[in-house]
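Everything below belongs to run.txt, which stores compact mmCIF, C-alpha atoms and all ligand atoms.
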# COMPACT_ATOMS: atom_id res chain seq x y z
CA MET A 253 132.26 108.49 174.50
CA SER A 254 132.22 112.21 175.26
CA THR A 255 130.41 113.28 178.42
CA ALA A 256 129.39 116.66 176.94
CA LEU A 257 127.56 117.84 173.87
CA GLY A 258 129.90 120.70 173.15
CA ASN A 259 133.19 122.31 173.98
CA HIS A 260 133.31 126.06 174.56
CA ILE A 261 136.45 128.12 174.90
CA LEU A 262 136.24 131.72 176.05
CA VAL A 263 139.31 133.65 175.06
CA GLU A 264 140.83 136.99 176.07
CA PHE A 265 143.23 138.31 173.42
CA MET A 266 145.13 141.26 174.87
CA ASN A 267 147.66 143.76 173.55
CA CYS A 268 146.63 143.01 169.99
CA ASP A 269 147.40 145.30 167.07
CA PRO A 270 144.71 148.04 167.42
CA HIS A 271 144.52 148.54 163.64
CA ILE A 272 143.65 144.89 163.15
CA MET A 273 141.11 145.14 165.97
CA ASN A 274 139.33 147.90 164.02
CA ASP A 275 139.52 146.30 160.59
CA VAL A 276 136.23 144.54 160.00
CA ALA A 277 137.30 142.94 156.74
CA ALA A 278 140.54 141.54 158.20
CA ILE A 279 138.77 140.23 161.30
CA GLU A 280 136.09 138.52 159.28
CA ARG A 281 138.70 136.90 157.07
CA ASP A 282 140.75 135.74 160.08
CA MET A 283 137.72 134.33 161.90
CA VAL A 284 136.54 132.43 158.83
CA ASP A 285 140.07 131.14 158.17
CA ALA A 286 140.41 130.10 161.82
CA ALA A 287 137.25 128.03 161.48
CA LYS A 288 138.50 126.44 158.29
CA LYS A 289 141.94 125.67 159.81
CA ALA A 290 140.11 123.79 162.55
CA GLU A 291 138.30 121.87 159.80
CA ALA A 292 134.93 123.36 160.54
CA THR A 293 132.34 123.78 157.81
CA VAL A 294 131.53 127.49 157.46
CA ILE A 295 127.85 128.26 156.85
CA ASN A 296 127.65 132.03 157.19
CA SER A 297 129.29 135.08 158.70
CA THR A 298 128.02 138.46 159.83
CA PHE A 299 130.42 141.19 160.85
CA HIS A 300 129.79 144.77 161.80
CA HIS A 301 132.04 147.78 162.24
CA PHE A 302 130.96 150.28 164.86
CA SER A 303 131.57 154.00 164.81
CA PRO A 304 134.04 155.31 165.80
CA TYR A 305 135.66 151.93 166.38
CA GLY A 306 135.07 148.31 167.29
CA VAL A 307 133.99 145.19 165.47
CA SER A 308 131.51 142.46 166.33
CA GLY A 309 130.88 139.37 164.33
CA VAL A 310 129.87 135.75 164.24
CA VAL A 311 130.90 132.87 162.04
CA VAL A 312 128.26 130.17 162.03
CA ILE A 313 129.76 126.76 161.42
CA GLN A 314 128.11 123.42 161.08
CA GLU A 315 129.83 122.53 164.35
CA SER A 316 128.39 125.65 166.24
CA HIS A 317 130.03 129.11 166.10
CA LEU A 318 132.94 131.50 166.51
CA ALA A 319 132.12 134.99 167.86
CA ILE A 320 134.16 138.12 168.51
CA HIS A 321 133.84 141.60 170.01
CA THR A 322 136.79 143.98 169.77
CA TRP A 323 137.85 147.13 171.63
CA PRO A 324 140.63 148.56 169.41
CA GLU A 325 141.34 151.32 171.94
CA TYR A 326 142.41 148.59 174.39
CA GLY A 327 143.89 146.27 171.77
CA TYR A 328 141.46 143.72 173.14
CA ALA A 329 139.28 141.00 171.62
CA ALA A 330 136.77 138.83 173.43
CA VAL A 331 136.41 135.66 171.41
CA ASP A 332 134.46 132.51 171.95
CA VAL A 333 134.67 129.30 170.01
CA PHE A 334 131.94 126.75 170.50
CA THR A 335 132.39 123.37 168.89
CA CYS A 336 130.78 120.00 168.94
CA GLY A 337 131.88 116.73 167.49
CA GLU A 338 135.53 116.16 166.72
CA MET A 339 136.44 119.75 165.94
CA ASN A 340 139.41 121.08 167.94
CA ALA A 341 138.68 124.66 169.04
CA TRP A 342 142.32 125.19 170.10
CA ILE A 343 143.45 125.15 166.48
CA ALA A 344 141.22 128.19 165.87
CA PHE A 345 142.60 129.77 169.05
CA ASP A 346 146.21 129.38 167.87
CA TYR A 347 145.40 130.78 164.47
CA LEU A 348 143.66 133.88 165.85
CA LYS A 349 146.41 134.52 168.40
CA GLU A 350 148.90 134.84 165.52
CA SER A 351 146.56 136.79 163.23
CA PHE A 352 145.67 139.38 165.86
CA GLN A 353 149.30 139.62 167.03
CA ALA A 354 148.11 139.16 170.60
CA LYS A 355 151.02 139.70 173.00
CA SER A 356 149.09 138.19 175.90
CA TYR A 357 146.05 136.01 176.17
CA SER A 358 144.12 133.69 178.41
CA ALA A 359 141.38 131.17 177.87
CA ILE A 360 139.02 129.00 179.81
CA GLU A 361 137.42 125.87 178.51
CA MET A 362 133.96 124.69 179.43
CA LYS A 363 132.22 121.50 178.57
CA ARG A 364 128.69 122.38 177.53
CA GLY A 365 125.64 120.15 177.90
CA SER A 366 126.79 117.50 180.34
CA VAL A 367 125.07 114.33 179.21
CA ASN A 368 124.94 113.10 182.80
CA LEU A 369 122.61 115.97 183.66
CA LEU A 370 120.43 115.84 180.55
CA THR A 371 117.62 113.50 179.72
CA ARG A 372 117.42 112.47 176.14
CA ASN A 373 113.96 112.72 174.57
CA ASP A 374 112.88 109.84 172.49
CA PHE A 375 111.35 111.26 169.32
CA ASP A 376 111.53 110.63 165.63
CA ILE A 377 113.92 113.02 163.99
CA SER A 378 114.31 111.28 160.68
CA SER A 379 112.08 113.78 158.86
CA MET A 380 114.01 116.69 160.41
CA ARG A 381 117.30 115.16 159.31
CA GLN A 382 116.04 114.91 155.78
CA LYS A 383 114.97 118.57 155.78
CA ALA A 384 118.34 119.61 157.14
CA ASN A 385 120.10 117.72 154.39
CA GLU A 386 118.04 119.61 151.85
CA TRP A 387 119.35 123.05 152.82
CA VAL A 388 122.74 122.42 154.35
CA ASN A 389 125.21 122.98 151.58
CA PRO A 390 128.77 122.92 152.87
CA GLY A 391 130.04 124.45 149.64
CA PHE A 392 127.96 127.58 150.14
CA TYR A 393 129.26 130.34 152.36
CA THR A 394 127.51 133.69 152.69
CA ARG A 395 129.61 136.76 153.36
CA ASN A 396 127.98 139.54 155.31
CA VAL A 397 130.11 142.58 156.13
CA TRP A 398 128.47 145.96 156.62
CA PHE A 399 129.74 149.52 156.61
CA THR A 400 127.66 151.73 158.86
CA ASP A 401 127.41 155.52 158.79
CA LYS A 402 125.60 156.51 161.96
CA ASP A 403 125.05 158.75 164.93
CA GLU A 404 123.85 157.52 168.33
CA ASN A 405 120.31 156.84 167.12
CA GLN A 406 120.22 156.36 163.38
CA ALA A 407 122.29 154.57 160.80
CA LEU A 408 122.65 153.71 157.19
CA SER A 409 124.40 150.45 156.39
CA LEU A 410 125.81 149.26 153.12
CA ARG A 411 126.84 145.67 152.67
CA PHE A 412 130.33 145.61 151.30
CA THR A 413 132.34 142.93 149.58
CA GLY A 414 135.27 143.19 151.98
CA GLU A 415 137.43 144.61 149.19
CA VAL A 416 139.50 147.54 150.47
CA PHE A 417 141.16 149.47 147.64
CA TYR A 418 142.62 152.26 149.74
CA ASP A 419 142.99 152.78 153.47
CA HIS A 420 145.14 155.65 154.66
CA GLN A 421 145.19 157.76 157.79
CA SER A 422 146.00 161.22 156.46
CA PRO A 423 146.87 164.10 158.83
CA PHE A 424 143.16 165.02 158.70
CA GLN A 425 141.10 161.85 158.54
CA ARG A 426 140.95 158.19 157.63
CA VAL A 427 140.48 157.95 153.89
CA ARG A 428 139.10 154.72 152.49
CA ILE A 429 137.84 153.38 149.21
CA LEU A 430 135.74 150.28 149.83
CA GLU A 431 133.53 148.25 147.57
CA SER A 432 129.81 147.98 148.28
CA TYR A 433 127.60 145.41 146.60
CA LYS A 434 124.78 147.77 145.67
CA TYR A 435 126.53 151.08 144.95
CA GLY A 436 129.97 150.01 143.73
CA LYS A 437 133.13 151.60 145.09
CA MET A 438 132.65 154.22 147.76
CA LEU A 439 134.73 156.94 149.36
CA ALA A 440 134.49 156.96 153.15
CA LEU A 441 136.07 159.58 155.39
CA ASP A 442 136.29 158.66 159.08
CA ASP A 443 133.43 156.13 158.87
CA MET A 444 131.12 158.46 156.94
CA VAL A 445 129.97 157.75 153.39
CA MET A 446 130.99 160.60 151.10
CA THR A 447 130.15 159.28 147.68
CA THR A 448 129.66 156.07 145.74
CA GLU A 449 130.08 155.18 142.09
CA ASN A 450 126.40 154.46 141.57
CA ASP A 451 124.69 157.40 143.25
CA GLU A 452 127.31 160.18 143.11
CA PHE A 453 125.43 161.94 140.31
CA HIS A 454 122.58 162.85 142.67
CA TYR A 455 124.90 164.96 144.77
CA HIS A 456 127.26 166.34 142.15
CA GLU A 457 124.59 167.41 139.68
CA MET A 458 122.57 169.07 142.43
CA ILE A 459 125.43 171.00 144.03
CA SER A 460 126.41 172.61 140.76
CA HIS A 461 123.73 172.99 138.07
CA PRO A 462 120.97 174.84 139.97
CA ALA A 463 123.37 177.64 140.94
CA LEU A 464 125.03 177.79 137.54
CA PHE A 465 121.64 178.18 135.84
CA MET A 466 120.39 180.63 138.45
CA HIS A 467 123.36 182.92 137.82
CA PRO A 468 123.00 184.99 134.61
CA ASN A 469 126.63 184.60 133.55
CA PRO A 470 128.86 182.48 135.82
CA LYS A 471 132.48 182.72 134.75
CA ASN A 472 134.65 182.40 137.83
CA VAL A 473 133.82 179.54 140.20
CA LEU A 474 135.43 178.56 143.51
CA VAL A 475 134.99 175.03 144.89
CA ILE A 476 135.98 174.46 148.50
CA GLY A 477 136.45 170.77 149.36
CA GLY A 478 135.16 168.35 146.74
CA GLY A 479 138.35 166.24 146.70
CA ASP A 480 136.68 163.38 144.86
CA GLY A 481 136.38 165.63 141.80
CA GLY A 482 132.66 165.11 141.12
CA THR A 483 131.71 168.74 141.67
CA ILE A 484 134.35 170.21 139.35
CA ARG A 485 133.42 167.60 136.72
CA GLU A 486 129.87 168.99 136.69
CA VAL A 487 130.90 172.68 136.87
CA LEU A 488 133.22 172.24 133.90
CA ARG A 489 130.33 171.01 131.74
CA HIS A 490 129.22 174.67 131.52
CA PRO A 491 130.97 176.21 128.51
CA GLY A 492 130.57 179.76 129.86
CA VAL A 493 132.64 178.97 132.96
CA GLU A 494 136.13 180.31 132.30
CA LYS A 495 137.96 179.54 135.51
CA VAL A 496 137.49 177.06 138.35
CA THR A 497 139.59 177.17 141.50
CA MET A 498 139.34 174.16 143.77
CA VAL A 499 140.79 174.14 147.29
CA GLU A 500 140.87 170.74 148.98
CA ILE A 501 142.62 170.31 152.30
CA ASP A 502 143.41 166.61 151.97
CA GLY A 503 145.60 165.50 149.06
CA ALA A 504 145.03 161.87 150.03
CA VAL A 505 141.36 162.16 149.02
CA ILE A 506 142.33 163.44 145.58
CA GLU A 507 144.94 160.73 145.05
CA ALA A 508 142.64 157.93 146.24
CA CYS A 509 139.81 159.08 143.96
CA LYS A 510 142.01 159.63 140.93
CA GLU A 511 143.23 156.07 141.23
CA HIS A 512 140.07 154.25 142.27
CA LEU A 513 137.12 156.45 141.26
CA PRO A 514 138.27 157.74 137.85
CA ASN A 515 134.75 158.41 136.58
CA ILE A 516 134.20 160.84 139.43
CA ALA A 517 137.73 162.27 139.46
CA ALA A 518 137.48 162.81 135.73
CA SER A 519 138.34 166.50 135.31
CA PHE A 520 141.50 167.17 137.27
CA ASP A 521 143.41 167.72 134.01
CA ASP A 522 141.05 170.37 132.68
CA PRO A 523 143.05 173.51 131.74
CA LYS A 524 140.38 175.76 133.29
CA LEU A 525 141.08 174.24 136.71
CA THR A 526 143.48 175.60 139.31
CA LEU A 527 143.84 172.94 142.00
CA LEU A 528 145.18 173.89 145.41
CA VAL A 529 145.78 171.36 148.17
CA ASP A 530 145.27 173.78 150.99
CA ASP A 531 142.98 174.89 153.79
CA GLY A 532 139.73 176.18 152.25
CA ILE A 533 138.86 178.12 155.40
CA ALA A 534 142.09 180.10 155.28
CA PHE A 535 141.70 180.49 151.52
CA ALA A 536 138.27 182.12 151.93
CA GLN A 537 139.67 184.39 154.63
CA ASN A 538 142.43 185.63 152.34
CA ALA A 539 140.43 185.77 149.10
CA ALA A 540 140.24 189.13 147.36
CA PRO A 541 136.78 190.67 147.85
CA GLY A 542 134.40 190.48 144.87
CA THR A 543 136.22 187.70 143.03
CA TYR A 544 133.82 184.84 142.38
CA ASP A 545 130.47 184.47 140.64
CA VAL A 546 129.71 181.20 142.37
CA ILE A 547 131.21 179.48 145.42
CA LEU A 548 130.42 175.81 146.03
CA VAL A 549 131.27 174.39 149.45
CA ASP A 550 131.52 170.65 148.97
CA GLY A 551 132.59 169.77 152.47
CA SER A 552 132.03 166.75 154.65
CA ASP A 553 130.04 166.67 157.86
CA PRO A 554 130.70 169.18 160.65
CA VAL A 555 133.25 167.07 162.49
CA GLY A 556 137.02 166.93 162.01
CA PRO A 557 138.52 169.06 159.23
CA ALA A 558 135.10 170.27 157.96
CA GLU A 559 133.93 171.73 161.27
CA GLY A 560 135.06 175.24 160.32
CA LEU A 561 133.00 175.01 157.12
CA PHE A 562 129.92 175.56 159.28
CA SER A 563 131.03 178.75 161.00
CA VAL A 564 129.78 182.33 160.74
CA SER A 565 133.25 183.67 159.97
CA PHE A 566 133.75 181.25 157.08
CA TYR A 567 130.46 182.20 155.41
CA THR A 568 131.10 185.90 155.99
CA ASN A 569 134.41 185.47 154.20
CA CYS A 570 132.66 183.63 151.36
CA TYR A 571 130.09 186.45 151.11
CA ASN A 572 132.91 188.96 150.77
CA ALA A 573 134.72 186.82 148.18
CA LEU A 574 131.61 186.76 145.97
CA LYS A 575 131.14 189.44 143.34
CA GLU A 576 128.41 192.03 143.87
CA ASP A 577 125.97 189.52 142.38
CA GLY A 578 126.94 186.01 143.37
CA ILE A 579 125.74 182.67 144.65
CA LEU A 580 127.03 180.51 147.46
CA VAL A 581 126.00 176.86 147.75
CA ALA A 582 126.93 174.83 150.80
CA GLN A 583 126.59 171.13 151.59
CA GLY A 584 123.70 171.63 153.97
CA GLU A 585 123.37 168.32 155.91
CA SER A 586 120.03 166.61 156.46
CA PRO A 587 116.88 167.96 158.12
CA LYS A 588 116.19 164.41 159.35
CA PHE A 589 119.67 163.34 160.41
CA ASN A 590 121.48 166.46 161.60
CA GLU A 591 118.63 168.86 162.35
CA LYS A 592 120.83 171.09 164.47
CA ALA A 593 123.58 171.58 161.89
CA PHE A 594 120.96 172.01 159.17
CA ARG A 595 119.09 174.73 161.07
CA GLU A 596 122.17 176.54 162.33
CA LEU A 597 123.67 176.70 158.87
CA ASN A 598 120.47 178.16 157.45
CA HIS A 599 120.27 180.76 160.20
CA THR A 600 123.88 181.71 159.56
CA LEU A 601 123.17 182.15 155.85
CA GLN A 602 120.00 184.14 156.57
CA ASP A 603 121.99 186.43 158.88
CA ILE A 604 124.70 187.02 156.30
CA PHE A 605 122.76 187.10 153.01
CA GLY A 606 119.30 188.14 154.22
CA SER A 607 116.30 186.21 155.47
CA ASP A 608 114.78 185.82 151.98
CA LYS A 609 118.15 185.12 150.39
CA ALA A 610 118.94 181.74 151.93
CA PRO A 611 116.84 179.14 150.07
CA VAL A 612 117.27 175.42 150.64
CA SER A 613 117.21 172.70 148.01
CA LEU A 614 116.38 169.13 149.04
CA PHE A 615 117.49 166.09 147.12
CA PHE A 616 117.73 162.36 147.67
CA VAL A 617 120.94 160.43 148.35
CA PRO A 618 120.29 156.74 149.03
CA THR A 619 123.71 156.21 150.65
CA TYR A 620 123.47 158.99 153.26
CA PRO A 621 121.66 158.36 156.54
CA THR A 622 117.89 159.00 156.07
CA GLY A 623 118.42 159.64 152.33
CA MET A 624 117.12 163.22 152.63
CA TRP A 625 119.92 165.74 152.08
CA SER A 626 120.24 169.44 151.32
CA PHE A 627 122.19 172.20 149.68
CA GLN A 628 121.81 175.60 151.27
CA TYR A 629 122.17 178.83 149.33
CA GLY A 630 123.21 182.39 149.89
CA LEU A 631 122.04 184.75 147.12
CA LYS A 632 124.00 188.00 146.99
CA GLY A 633 123.02 191.23 145.24
CA ASN A 634 120.53 191.04 142.40
CA ILE A 635 120.59 187.31 141.87
CA GLN A 636 117.03 186.23 141.14
CA GLY A 637 116.44 182.84 142.57
CA PRO A 638 115.95 180.12 143.22
CA ILE A 639 113.22 179.56 140.63
CA HIS A 640 114.40 179.70 137.02
CA GLN A 641 112.69 180.57 133.73
CA LYS A 642 115.18 178.71 131.55
CA GLU A 643 113.35 175.51 130.70
CA ALA A 644 114.51 175.11 127.11
CA GLU A 645 118.14 176.02 127.91
CA ILE A 646 118.28 173.62 130.83
CA GLU A 647 116.64 170.74 128.97
CA SER A 648 119.06 171.05 126.08
CA PHE A 649 122.01 171.09 128.53
CA VAL A 650 120.60 168.05 130.35
CA SER A 651 120.30 165.99 127.22
CA ALA A 652 123.62 167.17 125.72
CA ASN A 653 125.40 166.07 128.91
CA GLY A 654 123.35 162.95 129.67
CA LEU A 655 122.48 164.16 133.17
CA ARG A 656 120.74 161.56 135.30
CA TYR A 657 119.30 163.59 138.21
CA TYR A 658 118.98 167.30 137.47
CA ASN A 659 116.40 168.67 135.06
CA SER A 660 114.42 171.84 134.60
CA ALA A 661 111.35 170.78 136.61
CA LEU A 662 113.43 169.23 139.37
CA HIS A 663 115.41 172.44 139.76
CA ASN A 664 112.31 174.35 140.82
CA ALA A 665 110.76 171.44 142.70
CA SER A 666 113.85 170.90 144.85
CA PHE A 667 113.27 174.29 146.49
CA ALA A 668 109.73 173.38 147.59
CA LEU A 669 110.09 172.44 151.25
CA PRO A 670 107.95 170.19 153.43
CA ASN A 671 106.27 172.07 156.26
CA PHE A 672 108.45 170.50 158.94
CA VAL A 673 111.55 171.81 157.16
CA LYS A 674 110.04 175.30 156.88
CA GLU A 675 109.38 175.16 160.61
CA LEU A 676 112.89 173.97 161.32
CA ILE A 677 114.52 176.98 159.66
CA LYS A 678 111.99 179.60 160.76
CA LYS A 679 113.68 182.31 162.85
N1 LIG B 701 127.29 162.80 155.14
C1 LIG B 701 127.84 163.19 153.86
C2 LIG B 701 127.97 164.64 153.68
C3 LIG B 701 128.38 165.03 152.30
C4 LIG B 701 129.81 165.25 152.15
N2 LIG B 701 130.26 165.65 150.86
C5 LIG B 701 130.29 164.63 149.91
C6 LIG B 701 131.39 164.81 148.93
C7 LIG B 701 130.95 164.53 147.56
N3 LIG B 701 131.73 165.23 146.62
Spell out the structure here as structure tokens.
Amino acid sequence: MSTALGNHILVEFMNCDPHIMNDVAAIERDMVDAAKKAEATVINSTFHHFSPYGVSGVVVIQESHLAIHTWPEYGYAAVDVFTCGEMNAWIAFDYLKESFQAKSYSAIEMKRGSVNLLTRNDFDISSMRQKANEWVNPGFYTRNVWFTDKDENQALSLRFTGEVFYDHQSPFQRVRILESYKYGKMLALDDMVMTTENDEFHYHEMISHPALFMHPNPKNVLVIGGGDGGTIREVLRHPGVEKVTMVEIDGAVIEACKEHLPNIAASFDDPKLTLLVDDGIAFAQNAAPGTYDVILVDGSDPVGPAEGLFSVSFYTNCYNALKEDGILVAQGESPKFNEKAFRELNHTLQDIFGSDKAPVSLFFVPTYPTGMWSFQYGLKGNIQGPIHQKEAEIESFVSANGLRYYNSALHNASFALPNFVKELIKK
């Protein structure tokens, strides 16, 4: 008879493959498979990826648990396997050692709950056993993997199926297409959610239609960024638009979205489109003055390749590239998530376009942290905005195109700001 209730092995896996150590889906799969190899009955698993890197997770088994914490930057995983009954924890150890490609490792084994030191209570557990039998279903295993977009203090998490359709480290960023349960496939750049199949229309309708209805006659449009294709899809719905130039720095984003998000990347073959895989910041710098009616900056957050999209020089170049009367719209971050970037961008636009020429439109994106997001405008020359007087025209466009977010009333309402946002951008 065993002298302990459980057996606990604490394992150091060292010099593992760092990519595996940062791959939450692979680690979850390996941990669950390790449990199954050791003939454990898996009840549940919860795994989490941390930004910028690292994975933690637990597999609950009927025989206790397997847990892991990884440090990809050290190629290190701290694993513990707790078993009771006949289960052999060393089978799980061997399996994980191979899966993680650990070049070195060590482990200590502890017997847990020495029966010589414990006093057994004499109580009737038959009713508890019956209850346990009611809910324990060895055939049922719940998967629980989360993708988290966060800063130090706030996060938005989406539960994802573990399906990874695309994962590529481009020269600029890590480009991934993952599958979330609630919002379908999503594009993530460097651990930030960019867009998802089920809520992309919020963003793409709101970056394009307000400006295109505010402008009296938009013909020549420049899109900087927007590699998923959602923004050009919306712009090209406007029959009066004659030419769209799109400049996206990362060809991998375009390729990934064409293949895996075809409903978003739906307009890359449009003959009105000139697509350039190039640096949008340099493009704006070299653009001929007075060229565009509307410029849409569909960039990611102000880290990595998009950092320069938040600079004074970039927006000055955009101002110059606009015609005498023109509209700039920029992805404006969130007044609840990135207050600093939000305010600084608005001040930059006020400085360049004029203090009453930099309106802000707020809209709701459920898959971005806090949900509250913005587009920030620069109105050049005689552009009258942001409020429109085109109700009938807009409503007929909305119904002809089956729009799901933008409408005539929402256009005007999106420019009404809560007091705290007005305060935030006051100079
Ligand atoms: N935190 C997300 C910021 C928005 C980035 N752009 C989204 C691209 C959609 N076309």
Next item on the list: Find the distance between CA of His456 (chain A) and CA of Ala668 (chain A) and write it in Å to one decimal.
Entry: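 So the two atoms, CA of His456 (chain A) and CA of Ala668 (chain A), lie 19.7 Å apart.
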Note to self: List as a list in words the protein and nucleic acid residues near region 521-523 of chain A, meaning an atom at most 9 Å away when only C-alpha atoms are counted, but skip any in the same chain fewer than 3 places from it.
What the structure shows: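 Result of the neighbour search: Leu488, Lys495, Ala518 and Thr526 of chain A.
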Checklist line | Spatial neighbours of Phe465 (chain A), 10 Å, all atoms listed in the file, chain gap at least 3 places, as a PyMOL selection string | finding: chain A and resi 460-462+468-470+490+637-642+645-646+660+663
Note to self: What's around Tyr620 (chain A) at 12 Å? Count all atoms listed in the file, leave out sequence neighbours fewer than 6 positions away in its own chain, and write the answer as a PyMOL selection string.
What the structure shows: chain A and resi 399-403+406-410+435+438+440+443-448+451-452+454-455+552-553+585-586+588-590+626
Save the residues we just selected, C-alpha atoms, as a tab-separated table (two decimals), in the coordinates of the input?
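The resulting file, selection_39.tsv, is reproduced below:
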chain	number	residue	atom	x	y	z
A	399	PHE	CA	129.74	149.52	156.61
A	400	THR	CA	127.66	151.73	158.86
A	401	ASP	CA	127.41	155.52	158.79
A	402	LYS	CA	125.60	156.51	161.96
A	403	ASP	CA	125.05	158.75	164.93
A	406	GLN	CA	120.22	156.36	163.38
A	407	ALA	CA	122.29	154.57	160.80
A	408	LEU	CA	122.65	153.71	157.19
A	409	SER	CA	124.40	150.45	156.39
A	410	LEU	CA	125.81	149.26	153.12
A	435	TYR	CA	126.53	151.08	144.95
A	438	MET	CA	132.65	154.22	147.76
A	440	ALA	CA	134.49	156.96	153.15
A	443	ASP	CA	133.43	156.13	158.87
A	444	MET	CA	131.12	158.46	156.94
A	445	VAL	CA	129.97	157.75	153.39
A	446	MET	CA	130.99	160.60	151.10
A	447	THR	CA	130.15	159.28	147.68
A	448	THR	CA	129.66	156.07	145.74
A	451	ASP	CA	124.69	157.40	143.25
A	452	GLU	CA	127.31	160.18	143.11
A	454	HIS	CA	122.58	162.85	142.67
A	455	TYR	CA	124.90	164.96	144.77
A	552	SER	CA	132.03	166.75	154.65
A	553	ASP	CA	130.04	166.67	157.86
A	585	GLU	CA	123.37	168.32	155.91
A	586	SER	CA	120.03	166.61	156.46
A	588	LYS	CA	116.19	164.41	159.35
A	589	PHE	CA	119.67	163.34	160.41
A	590	ASN	CA	121.48	166.46	161.60
A	626	SER	CA	120.24	169.44	151.32
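With only C-alpha atoms taken into account, the protein and nucleic acid residues at most 8 Å from Trp625 (chain A) (excluding it and anything under 6 positions from it in its own chain) are Gly584, Glu585, Ser586, Pro587, Leu614, Phe615, Phe616 and Val617 of chain A.
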Next item on the list: Just the residues within 9 Å of Asp282 (chain A), please, counting all atoms listed in the file, with nothing from its chain fewer than 5 positions along; format it as a PyMOL selection string.
Entry: chain A and resi 277+287+347-348+351-352
File of the preceding selection, C-alpha atoms, as a CSV table (one decimal), in the coordinates of the input:
chain,number,residue,atom,x,y,z
A,277,ALA,CA,137.3,142.9,156.7
A,287,ALA,CA,137.2,128.0,161.5
A,347,TYR,CA,145.4,130.8,164.5
A,348,LEU,CA,143.7,133.9,165.8
A,351,SER,CA,146.6,136.8,163.2
A,352,PHE,CA,145.7,139.4,165.9
Note to self: Just the number, please: distance in Å from CA of Pro541 (chain A) to CA of Leu525 (chain A), one decimal.
What the structure shows: 20.3 Å
Checklist line | For Thr497 (chain A), the nearest of the candidates A:Thr298, A:Thr543, A:Thr322, A:Asn664, counting all atoms listed in the file | finding: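 Counting all atoms listed in the file, the residue closest to Thr497 (chain A) is A:Thr543.
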Note to self: Nearest residue to Leu676 (chain A) out of A:Asn259, A:Asn634, A:Asn340, A:Asn598, using all atoms listed in the file?
What the structure shows: A:Asn598
